[in-house]
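The file upload_36.txt contains compact mmCIF, C-alpha atoms:
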# COMPACT_ATOMS: atom_id res chain seq x y z
CA MET D 1 95.05 131.60 120.33
CA PRO D 2 96.45 129.91 117.20
CA LYS D 3 93.00 129.20 115.77
CA ALA D 4 92.06 132.88 115.94
CA GLU D 5 95.47 133.79 114.44
CA VAL D 6 94.96 131.35 111.58
CA LEU D 7 91.44 132.60 110.88
CA ASN D 8 92.74 136.16 110.86
CA LEU D 9 95.35 135.16 108.27
CA VAL D 10 92.58 133.53 106.22
CA ARG D 11 90.45 136.66 106.45
CA VAL D 12 93.18 138.97 105.14
CA LEU D 13 94.60 136.55 102.56
CA SER D 14 91.11 136.11 101.11
CA ASN D 15 90.59 139.88 100.93
CA GLU D 16 87.71 139.44 103.42
CA GLN D 17 85.80 137.14 101.07
CA ALA D 18 86.09 133.93 103.09
CA ASP D 19 83.14 132.72 105.17
CA LEU D 20 84.84 132.63 108.58
CA ALA D 21 82.17 130.46 110.22
CA LEU D 22 82.85 127.75 107.65
CA CYS D 23 86.60 128.32 107.83
CA ASP D 24 86.37 127.65 111.56
CA ARG D 25 85.16 124.14 110.66
CA PHE D 26 87.74 123.79 107.89
CA TYR D 27 90.41 124.47 110.53
CA ASP D 28 89.29 121.37 112.46
CA GLU D 29 89.19 119.33 109.26
CA VAL D 30 92.68 120.41 108.21
CA VAL D 31 94.07 119.54 111.66
CA LEU D 32 92.50 116.07 111.28
CA ASP D 33 94.00 115.76 107.79
CA LEU D 34 97.44 116.69 109.11
CA GLY D 35 97.01 113.76 111.50
CA LYS D 36 97.50 111.46 108.51
CA MET D 37 101.10 112.70 108.41
CA PRO D 38 103.63 112.10 111.19
CA ILE D 39 103.89 115.74 112.24
CA LEU D 40 102.36 116.00 115.70
CA ILE D 41 103.00 112.69 117.48
CA THR D 42 102.20 111.92 121.10
CA ALA D 43 102.53 108.88 123.34
CA SER D 44 99.42 108.17 125.44
CA ILE D 45 98.82 105.49 128.07
CA VAL D 46 95.77 103.24 127.85
CA PRO D 47 94.74 101.41 131.04
CA LEU D 48 93.88 97.73 130.71
CA ASP D 49 91.29 96.07 132.91
CA GLN D 50 90.66 92.37 133.44
CA ASP D 51 87.48 92.24 131.32
CA ALA D 52 89.32 91.61 128.07
CA ALA D 53 90.72 88.30 129.27
CA SER D 54 87.62 87.18 131.14
CA SER D 55 85.29 87.53 128.15
CA PRO D 56 87.37 87.23 124.99
CA THR D 57 84.46 87.40 122.56
CA SER D 58 82.86 90.49 124.09
CA PRO D 59 83.52 94.04 122.88
CA GLU D 60 85.58 94.57 126.03
CA SER D 61 88.21 92.24 124.65
CA SER D 62 89.35 95.15 122.55
CA TYR D 63 90.39 98.59 123.74
CA VAL D 64 89.64 102.11 122.58
CA LEU D 65 92.33 104.45 121.25
CA PRO D 66 92.91 107.66 123.24
CA GLU D 67 90.36 110.35 122.43
CA ASN D 68 92.94 112.69 120.86
CA ALA D 69 94.44 109.97 118.62
CA ILE D 70 94.05 110.34 114.86
CA GLU D 71 96.31 107.56 113.52
CA ALA D 72 97.90 104.92 115.76
CA LEU D 73 101.53 104.38 114.74
CA GLN D 74 103.05 102.01 117.30
CA PHE D 75 101.96 100.13 120.43
CA VAL D 76 103.96 99.20 123.50
CA TYR D 77 102.72 96.69 126.10
CA ASP D 78 104.42 97.21 129.45
CA ASP D 79 107.94 97.69 128.07
CA ARG D 80 107.71 95.68 124.84
CA MET D 81 107.02 96.96 121.33
CA LEU D 82 104.13 95.07 119.74
CA GLN D 83 104.01 93.95 116.13
CA PHE D 84 100.97 94.73 113.98
CA ALA D 85 99.38 91.49 112.79
CA THR D 86 96.50 90.59 110.44
CA ASP D 87 93.89 87.93 111.22
CA ARG D 88 95.52 85.72 108.59
CA GLU D 89 98.90 85.92 110.29
CA LEU D 90 97.35 85.31 113.68
CA GLY D 91 95.31 82.41 112.28
CA MET D 92 98.53 80.75 111.14
CA PHE D 93 99.83 81.08 114.68
CA SER D 94 96.67 79.58 116.22
CA ARG D 95 93.05 79.22 115.11
CA LEU D 96 92.05 80.14 118.65
CA TRP D 97 94.08 83.36 118.74
CA ARG D 98 91.07 85.45 119.78
CA SER D 99 90.78 83.65 123.11
CA ILE D 100 94.41 82.95 124.03
CA VAL D 101 95.43 84.66 127.27
CA GLY D 102 99.02 85.53 128.13
CA THR D 103 101.54 88.32 127.61
CA PRO D 104 100.55 90.40 124.58
CA GLN D 105 102.97 90.11 121.65
CA ALA D 106 100.97 91.64 118.80
CA VAL D 107 98.25 94.13 118.12
CA TYR D 108 95.30 93.53 115.81
CA ARG D 109 93.36 96.39 114.15
CA GLY D 110 91.07 94.54 111.72
CA ASP D 111 87.24 94.20 111.80
CA ILE D 112 86.79 95.79 115.27
CA GLY D 113 86.30 99.41 114.24
CA SER D 114 88.84 102.04 113.32
CA ARG D 115 89.15 103.39 116.87
CA ARG D 116 89.67 100.04 118.62
CA PHE D 117 92.57 97.63 118.94
CA ARG D 118 92.97 94.12 120.32
CA LEU D 119 96.00 92.68 122.06
CA VAL D 120 97.09 89.15 121.15
CA PRO D 121 97.29 87.15 123.37
CA LEU D 122 94.78 88.89 125.63
CA PRO D 123 96.56 90.32 128.68
CA ASP D 124 96.50 87.98 131.68
CA ARG D 125 96.53 90.79 134.24
CA PRO D 126 95.20 94.33 134.58
CA SER D 127 97.40 97.41 134.52
CA GLU D 128 98.74 98.66 137.78
CA PRO D 129 96.68 101.53 139.20
CA PHE D 130 97.06 104.93 137.54
CA ILE D 131 98.34 106.92 140.51
CA PHE D 132 100.70 109.72 139.63
CA ILE D 133 101.44 111.28 143.02
CA PHE D 134 105.20 110.75 142.87
CA GLY D 135 105.78 111.26 139.17
CA MET D 136 104.31 111.53 135.71
CA PRO D 137 102.86 108.76 133.53
CA MET D 138 105.94 108.40 131.34
CA ASP D 139 108.61 108.50 134.08
CA ALA D 140 109.09 106.56 137.31
CA ALA D 141 105.32 106.46 137.93
CA TYR D 142 104.63 104.54 134.70
CA PRO D 143 101.98 101.93 135.57
CA GLN D 144 103.22 98.44 134.68
CA TYR D 145 101.22 96.20 132.32
CA SER D 146 99.55 99.09 130.53
CA VAL D 147 99.62 99.98 126.87
CA VAL D 148 101.32 103.03 125.38
CA VAL D 149 100.09 104.16 121.98
CA PHE D 150 102.23 106.37 119.78
CA HIS D 151 99.74 108.30 117.68
CA THR D 152 99.25 111.45 115.69
CA ASP D 153 97.56 114.03 117.80
CA ASN D 154 94.34 115.98 117.30
CA ARG D 155 95.16 119.40 118.78
CA GLN D 156 93.27 122.65 118.65
CA VAL D 157 96.44 124.52 119.60
CA VAL D 158 99.02 123.87 116.89
CA PRO D 159 102.66 125.05 116.97
CA ILE D 160 103.20 128.46 115.38
CA TYR D 161 105.12 127.05 112.37
CA LEU D 162 101.96 125.25 111.22
CA GLU D 163 99.74 128.35 111.25
CA LEU D 164 100.56 129.64 107.76
CA PRO D 165 100.35 126.22 106.02
CA ILE D 166 96.99 125.59 107.73
CA ALA D 167 95.71 129.02 106.64
CA PHE D 168 96.50 128.20 103.00
CA PHE D 169 94.95 124.74 103.25
CA ILE D 170 91.78 126.40 104.56
CA LEU D 171 91.81 128.91 101.69
CA GLY D 172 92.15 126.01 99.25
CA ARG D 173 88.97 124.45 100.65
CA GLU D 174 87.03 127.68 101.01
CA PHE D 175 87.60 128.83 97.43
CA SER D 176 87.04 125.45 95.82
CA ARG D 177 83.57 124.93 97.28
CA SER D 178 80.49 126.14 95.44
CA SER D 179 79.77 129.72 96.56
CA ASP D 180 79.41 133.26 95.26
CA HIS D 181 83.17 133.69 95.67
CA GLN D 182 84.33 130.36 94.26
CA ASP D 183 87.72 130.76 92.54
CA LEU D 184 89.21 127.45 91.47
CA ALA D 185 92.47 128.92 90.17
CA PHE D 186 93.07 130.73 93.48
CA ALA D 187 92.10 127.59 95.42
CA ALA D 188 94.58 125.49 93.44
CA GLN D 189 97.33 128.03 94.01
CA CYS D 190 96.57 128.12 97.74
CA ALA D 191 96.79 124.33 97.89
CA THR D 192 100.17 124.47 96.11
CA SER D 193 101.38 127.17 98.51
CA ALA D 194 100.13 125.20 101.52
CA THR D 195 102.00 122.08 100.44
CA ALA D 196 105.23 124.03 99.89
CA LEU D 197 104.89 125.74 103.28
CA LEU D 198 104.15 122.46 105.04
CA GLU D 199 107.26 121.00 103.42
CA MET D 200 109.22 123.80 105.09
CA ALA D 201 107.61 123.20 108.47
CA GLN D 202 108.26 119.45 108.47
CA MET L 203 122.33 143.02 108.28
CA ILE L 204 119.17 144.16 106.49
CA ALA L 205 116.29 145.93 108.20
CA CYS L 206 112.80 144.46 108.04
CA GLY L 207 111.50 147.62 106.31
CA ASP L 208 113.95 147.14 103.42
CA VAL L 209 112.81 143.56 102.95
CA ILE L 210 109.18 144.70 102.82
CA GLU L 211 110.06 147.40 100.24
CA THR L 212 111.85 144.89 98.03
CA VAL L 213 109.14 142.28 98.21
CA LEU L 214 106.31 144.74 97.53
CA HIS L 215 108.25 145.95 94.51
CA ARG L 216 108.79 142.40 93.27
CA ALA L 217 105.10 141.61 93.77
CA ARG L 218 104.20 144.60 91.52
CA ASP L 219 102.57 146.41 94.43
CA PRO L 220 105.25 149.00 95.40
CA HIS L 221 102.85 151.26 97.31
CA GLY L 222 101.28 148.44 99.29
CA THR L 223 97.84 149.01 97.73
CA GLY L 224 96.88 145.35 97.41
CA THR L 225 98.52 144.36 100.70
CA ASN L 226 99.46 146.82 103.41
CA ARG L 227 102.93 146.83 104.94
CA GLU L 228 101.70 145.60 108.30
CA PHE L 229 100.29 142.41 106.81
CA VAL L 230 103.42 141.92 104.71
CA ARG L 231 105.34 142.07 108.00
CA THR L 232 103.00 139.44 109.46
CA LEU L 233 103.69 137.18 106.48
CA LEU L 234 107.41 137.95 106.77
CA ASN L 235 107.34 136.74 110.39
CA HIS L 236 105.82 133.44 109.28
CA VAL L 237 108.12 133.00 106.29
CA GLN L 238 111.36 133.70 108.18
CA LEU L 239 110.21 131.25 110.85
CA LEU L 240 109.55 128.55 108.24
CA VAL L 241 112.87 129.17 106.47
CA ASN L 242 114.76 128.97 109.76
CA THR L 243 112.78 125.91 110.81
CA LYS L 244 113.78 124.12 107.63
CA LEU L 245 117.39 125.22 107.35
CA GLY L 246 118.47 125.87 110.93
CA LEU L 247 120.25 129.10 109.95
CA VAL L 248 119.98 130.71 113.39
CA THR L 249 120.42 128.29 116.24
CA SER L 250 120.85 128.29 119.98
CA GLU L 251 121.26 125.84 122.84
CA ARG L 252 119.50 125.17 126.11
CA PRO L 253 119.73 122.52 128.81
CA HIS L 254 117.08 119.84 129.16
CA VAL L 255 116.77 117.80 132.33
CA MET L 256 115.97 114.13 131.72
CA LYS L 257 113.74 112.68 134.41
CA PRO L 258 114.43 109.23 135.84
CA PHE L 259 113.03 106.45 133.62
CA GLN L 260 111.56 108.91 131.10
CA GLN L 261 112.58 108.75 127.44
CA VAL L 262 109.67 110.40 125.63
CA TYR L 263 109.34 114.17 125.94
CA GLY L 264 106.34 115.79 124.30
CA LEU L 265 104.86 119.21 123.59
CA ILE L 266 108.17 120.96 122.89
CA SER L 267 106.20 123.97 121.63
CA GLU L 268 104.70 124.43 125.10
CA LEU L 269 107.70 123.27 127.14
CA TYR L 270 110.26 125.37 125.25
CA PRO L 271 108.40 127.93 123.11
CA GLU L 272 111.67 129.33 121.74
CA ILE L 273 112.39 126.10 119.82
CA ALA L 274 111.35 125.76 116.17
CA ARG L 275 113.14 122.44 115.58
CA ILE L 276 115.68 120.41 117.51
CA VAL L 277 118.77 120.03 115.35
CA SER L 278 120.88 117.84 117.63
CA ILE L 279 121.24 116.75 121.24
CA HIS L 280 124.53 116.63 123.17
CA TYR L 281 125.40 114.86 126.38
CA GLY L 282 128.53 116.49 127.77
CA SER L 283 130.90 116.68 124.81
CA LEU L 284 129.21 113.76 123.07
CA ASP L 285 126.93 114.38 120.07
CA LEU L 286 124.14 111.85 120.40
CA PRO L 287 123.49 110.09 117.06
CA MET L 288 120.00 110.68 115.68
CA THR L 289 117.92 107.70 114.62
CA ASP L 290 114.39 107.11 113.36
CA TRP L 291 112.22 106.32 116.39
CA ARG L 292 110.59 103.44 114.49
CA ARG L 293 114.01 101.76 114.36
CA LEU L 294 114.63 101.85 118.09
CA HIS L 295 113.03 98.43 118.48
CA HIS L 296 115.67 97.05 116.11
CA TYR L 297 118.26 97.81 118.80
CA ASP L 298 116.09 96.59 121.64
CA ARG L 299 112.46 95.48 121.51
CA ARG L 300 112.15 96.65 125.10
CA TRP L 301 113.66 100.06 124.43
CA PHE L 302 110.70 101.88 125.92
CA ARG L 303 111.72 101.20 129.55
CA ALA L 304 115.37 100.38 128.99
CA LEU L 305 117.84 101.96 131.41
CA GLY L 306 121.50 102.80 130.94
CA ASN L 307 124.26 104.87 132.51
CA GLU L 308 123.97 107.63 129.95
CA PRO L 309 121.92 108.48 126.85
CA LYS L 310 123.15 106.89 123.62
CA VAL L 311 120.81 108.08 120.83
CA TRP L 312 117.97 110.51 120.25
CA SER L 313 115.03 110.55 117.86
CA PRO L 314 112.65 113.26 116.77
CA LEU L 315 109.09 112.03 117.39
CA GLY L 316 107.19 114.01 114.80
CA ARG L 317 107.82 117.74 115.03
CA ASP L 318 106.81 118.43 118.60
CA SER L 319 108.25 115.56 120.65
CA PHE L 320 111.53 113.73 121.01
CA ILE L 321 113.01 110.58 122.53
CA VAL L 322 116.32 110.23 124.34
CA HIS L 323 117.36 106.58 124.70
CA PRO L 324 118.04 104.81 126.98
CA GLY L 325 116.48 106.25 130.11
CA VAL L 326 118.55 106.83 133.22
CA ASP L 327 117.65 106.20 136.86
CA HIS L 328 118.60 109.69 138.03
CA GLU L 329 118.13 113.23 136.76
CA LEU L 330 120.62 114.07 134.03
CA THR L 331 121.07 117.14 131.86
CA VAL L 332 121.49 117.04 128.11
CA THR L 333 121.86 120.03 125.78
CA LEU L 334 119.32 120.74 123.06
CA HIS L 335 120.74 122.45 119.98
CA TYR L 336 117.86 123.99 118.10
CA SER L 337 116.67 126.36 115.35
CA ILE L 338 115.21 129.38 117.07
CA ILE L 339 111.84 130.94 116.52
CA PRO L 340 113.03 134.38 115.30
CA THR L 341 112.10 137.45 117.30
CA LEU L 342 108.75 138.81 116.18
CA LEU L 343 109.20 141.73 113.77
CA THR L 344 107.04 144.60 114.96
CA SER L 345 108.66 147.61 113.30
CA ASP L 346 110.48 148.44 110.07
CA ASP L 347 113.68 149.30 111.98
CA GLN L 348 114.24 145.78 113.30
CA VAL L 349 117.07 143.87 111.74
CA MET L 350 116.42 140.48 110.15
CA GLU L 351 117.93 137.55 112.04
CA ILE L 352 118.17 135.38 108.92
CA PRO L 353 121.69 135.85 107.47
CA ASP L 354 121.76 138.11 104.40
CA GLN L 355 122.92 135.39 102.01
CA HIS L 356 119.74 133.41 102.73
CA LEU L 357 117.33 136.33 102.35
CA PRO L 358 116.66 135.55 98.65
CA LEU L 359 114.75 132.49 99.89
CA VAL L 360 112.63 134.72 102.09
CA TYR L 361 112.05 137.11 99.15
CA ASP L 362 111.05 134.24 96.86
CA PHE L 363 108.50 132.78 99.22
CA LEU L 364 107.09 136.10 100.30
CA GLU L 365 106.73 137.25 96.69
CA ALA L 366 105.00 133.99 95.78
CA LEU L 367 102.56 134.36 98.68
CA LEU L 368 101.80 138.00 97.86
CA LEU L 369 101.19 137.19 94.19
CA THR L 370 98.89 134.40 95.31
CA LYS L 371 97.02 136.70 97.69
CA ASN L 372 96.68 139.44 95.10
CA ARG L 373 95.45 136.84 92.60
CA SER L 374 98.00 137.66 89.96
CA LEU L 375 97.09 134.35 88.52
CA THR L 376 97.70 134.38 84.81
CA GLY L 377 99.06 131.16 83.36
CA GLU L 378 102.52 132.69 83.27
CA ASP L 379 102.30 133.77 86.89
CA ARG L 380 101.32 130.31 88.00
CA ALA L 381 104.29 128.89 86.14
CA ILE L 382 106.53 131.47 87.80
CA LEU L 383 105.14 130.60 91.25
CA ASP L 384 105.60 126.89 90.66
CA ALA L 385 109.18 127.63 89.63
CA VAL L 386 109.70 129.73 92.76
CA PHE L 387 108.47 126.94 94.99
CA SER L 388 110.38 124.20 93.26
CA ARG L 389 113.53 126.32 93.06
CA SER L 390 113.30 127.23 96.73
CA LEU L 391 112.55 123.68 97.82
CA GLY L 392 115.34 122.47 95.55
CA ARG L 393 117.64 124.92 97.27
CA PHE L 394 116.53 123.48 100.61
CA LYS L 395 117.62 120.07 99.42
CA VAL L 396 120.99 121.40 98.23
CA ASP L 397 121.51 123.24 101.51
CA ALA L 398 120.51 120.19 103.52
CA LYS L 399 123.16 118.12 101.71
CA SER L 400 125.92 120.69 102.11

Would it be possible to restate this file's structure as structure tokens?
Amino acid sequence: MPKAEVLNLVRVLSNEQADLALCDRFYDEVVLDLGKMPILITASIVPLDQDAASSPTSPESSYVLPENAIEALQFVYDDRMLQFATDRELGMFSRLWRSIVGTPQAVYRGDIGSRRFRLVPLPDRPSEPFIFIFGMPMDAAYPQYSVVVFHTDNRQVVPIYLELPIAFFILGREFSRSSDHQDLAFAAQCATSATALLEMAQ
Amino acid sequence: MIACGDVIETVLHRARDPHGTGTNREFVRTLLNHVQLLVNTKLGLVTSERPHVMKPFQQVYGLISELYPEIARIVSIHYGSLDLPMTDWRRLHHYDRRWFRALGNEPKVWSPLGRDSFIVHPGVDHELTVTLHYSIIPTLLTSDDQVMEIPDQHLPLVYDFLEALLLTKNRSLTGEDRAILDAVFSRSLGRFKVDAKS
């Protein structure tokens, strides 16, 4: 298990001083932080139902990002890449952009919560059923009229080349917090080492 | 070719811990495994090839680390004798806004998608085999007799990083030491850039 491997590295590198229960949590935080960089990217399918078009002002008119998504990087509707657009840009296109129904051309991420997105225009049909008997989601069985999100991925199991950088990032956090083993110089050096090691892994 | 035990000796000596008092040899070997992996990941010094079967209509292939655990980084992809050009996946829509489901007779380009996924474009309507050329994940070093897979001329990079990590671990953190470590990192990373250009 990579998490156990990483925590074992942390234990030895800290000369057994690190609080491993806290470091367990730091591991999750570091993985989330790595999600701000384009290192682990996945494409996930989001099903669309008819509700968005039928009630454009309701919360259902927007969709939720996949559970494992940290940062959304690109959106595809059916087979078409969508452009990111702000409410100002969409307002120039039409003041009624929130209620226009048609084939989505853009994606809007403002004022609807960081884990939601809205398609503009609202899709005029639901996705085809998600039935993957004769294939996988990304191959011949891809359901038409659905959305694919390219996003950074929140994974508990990280590739082996990220284990050492993550261990040093954890040490940086553990030794910079207020504790009986706080060591700011060591923490700073661990952060420097972590950044250099991550540079190698990228 | 240099044995793993010799590398450990050298690095412990450089880290002013020749008897392995601050850090035992076994843990130095663990760190050595990680460092040689990272060096090979970055520079692609030891590479190999394997076939990859493209499925009909599929262009995005994820979880390389689970699908092919021997791969540290894909360096290039070939189709027959053709080297597929690599492009940034964010630029694919410049070629074709509908690239995601586009079909062709044969693959034309490939893109790394982060570090653990890749795209081969366009898709094809039948199974087709391409060749992945990749940096390997070096064999795990478990004894001092094992020979290093990283070529000898690149071992100074491994020494530099391992020494820096050991000095960090042993908290040899005087102002001078920190300056030395910063120099080690910047020199090593600078060397990466030089090697990447050459």

Excluding same-chain residues fewer than 3 positions from Arg109 (chain D), what lies within 10 Å of it counting all atoms listed in the file, as number ranges by chain? D: 62, 72, 84-87, 112-119

Select all residues from chain D having any atom no more than 7 Å from an atom of chain L (counting only C-alpha atoms, ignoring ligands), output as a PDB file with C-alpha atoms, in the coordinates of the input.
ATOM      1  CA  LEU D  13      94.600 136.550 102.560  1.00  0.00           C
ATOM      2  CA  SER D  14      91.110 136.110 101.110  1.00  0.00           C
ATOM      3  CA  PRO D  38     103.630 112.100 111.190  1.00  0.00           C
ATOM      4  CA  ILE D  39     103.890 115.740 112.240  1.00  0.00           C
ATOM      5  CA  LEU D  40     102.360 116.000 115.700  1.00  0.00           C
ATOM      6  CA  ILE D  41     103.000 112.690 117.480  1.00  0.00           C
ATOM      7  CA  THR D  42     102.200 111.920 121.100  1.00  0.00           C
ATOM      8  CA  ASP D  79     107.940  97.690 128.070  1.00  0.00           C
ATOM      9  CA  ARG D  80     107.710  95.680 124.840  1.00  0.00           C
ATOM     10  CA  MET D  81     107.020  96.960 121.330  1.00  0.00           C
ATOM     11  CA  MET D 138     105.940 108.400 131.340  1.00  0.00           C
ATOM     12  CA  ASP D 139     108.610 108.500 134.080  1.00  0.00           C
ATOM     13  CA  ALA D 140     109.090 106.560 137.310  1.00  0.00           C
ATOM     14  CA  PRO D 159     102.660 125.050 116.970  1.00  0.00           C
ATOM     15  CA  TYR D 161     105.120 127.050 112.370  1.00  0.00           C
ATOM     16  CA  LEU D 164     100.560 129.640 107.760  1.00  0.00           C
ATOM     17  CA  PHE D 186      93.070 130.730  93.480  1.00  0.00           C
ATOM     18  CA  GLN D 189      97.330 128.030  94.010  1.00  0.00           C
ATOM     19  CA  ALA D 196     105.230 124.030  99.890  1.00  0.00           C
ATOM     20  CA  MET D 200     109.220 123.800 105.090  1.00  0.00           C
ATOM     21  CA  ALA D 201     107.610 123.200 108.470  1.00  0.00           C
ATOM     22  CA  GLN D 202     108.260 119.450 108.470  1.00  0.00           C
TER      23      GLN D 202
END

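Near region 248-252 of chain L, within 7 Å and counting only C-alpha atoms, sit Asn242, Thr333, Leu334, His335, Tyr336, Ser337, Ile338 and Ile352 of chain L, not including residues fewer than 5 positions from it in the same chain.
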
Provide the CA of Val157 (chain D) to CA of Leu197 (chain D) distance in Å, to one decimal place. 18.4 Å

Report as a short mmCIF file (atom, residue, chain, number, x, y, z; two decimals) with C-alpha atoms, in the frame of the given file all protein, DNA and RNA residues lying within 8 Å of Tyr145 (chain D), evaluated on all atoms listed in the file, omitting residues in the same chain fewer than 4 positions from it.
data_model
loop_
_atom_site.label_atom_id
_atom_site.label_comp_id
_atom_site.auth_asym_id
_atom_site.auth_seq_id
_atom_site.Cartn_x
_atom_site.Cartn_y
_atom_site.Cartn_z
CA LEU D 48 93.88 97.73 130.71
CA TYR D 77 102.72 96.69 126.10
CA ASP D 78 104.42 97.21 129.45
CA ARG D 125 96.53 90.79 134.24
CA PRO D 126 95.20 94.33 134.58
CA SER D 127 97.40 97.41 134.52
CA GLU D 128 98.74 98.66 137.78
#

Got a sec to check which residues sit within 10 Å of (112.9, 142.0, 103.8), counting only C-alpha atoms, and write them as a list in words? Ile204, Ala205, Cys206, Gly207, Asp208, Val209, Ile210, Glu211, Thr212, Val213, Leu214, Val230, Arg231, Leu234, Gln238, Asp346, Val349, Met350, Ile352, Asp354, Leu357, Pro358, Val360, Tyr361 and Leu364 of chain L

Enter the distance from CA of Trp97 (chain D) to CA of Gln74 (chain D), in Å, rounded to one decimal.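 Result for CA of Trp97 (chain D) versus CA of Gln74 (chain D): 20.7 Å, one decimal.
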
Nearest to Phe175 (chain D) among D:Ala4, D:Ala18, D:Gln105, D:Leu32, with distances taken over only C-alpha atoms: which residue is it?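 Of D:Ala4, D:Ala18, D:Gln105, D:Leu32, the one nearest Phe175 (chain D) is D:Ala18, counting only C-alpha atoms.
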
Mind giving me the straight-line distance from CA of His323 (chain L) to CA of Val255 (chain L) in Å, one decimal? 13.6 Å
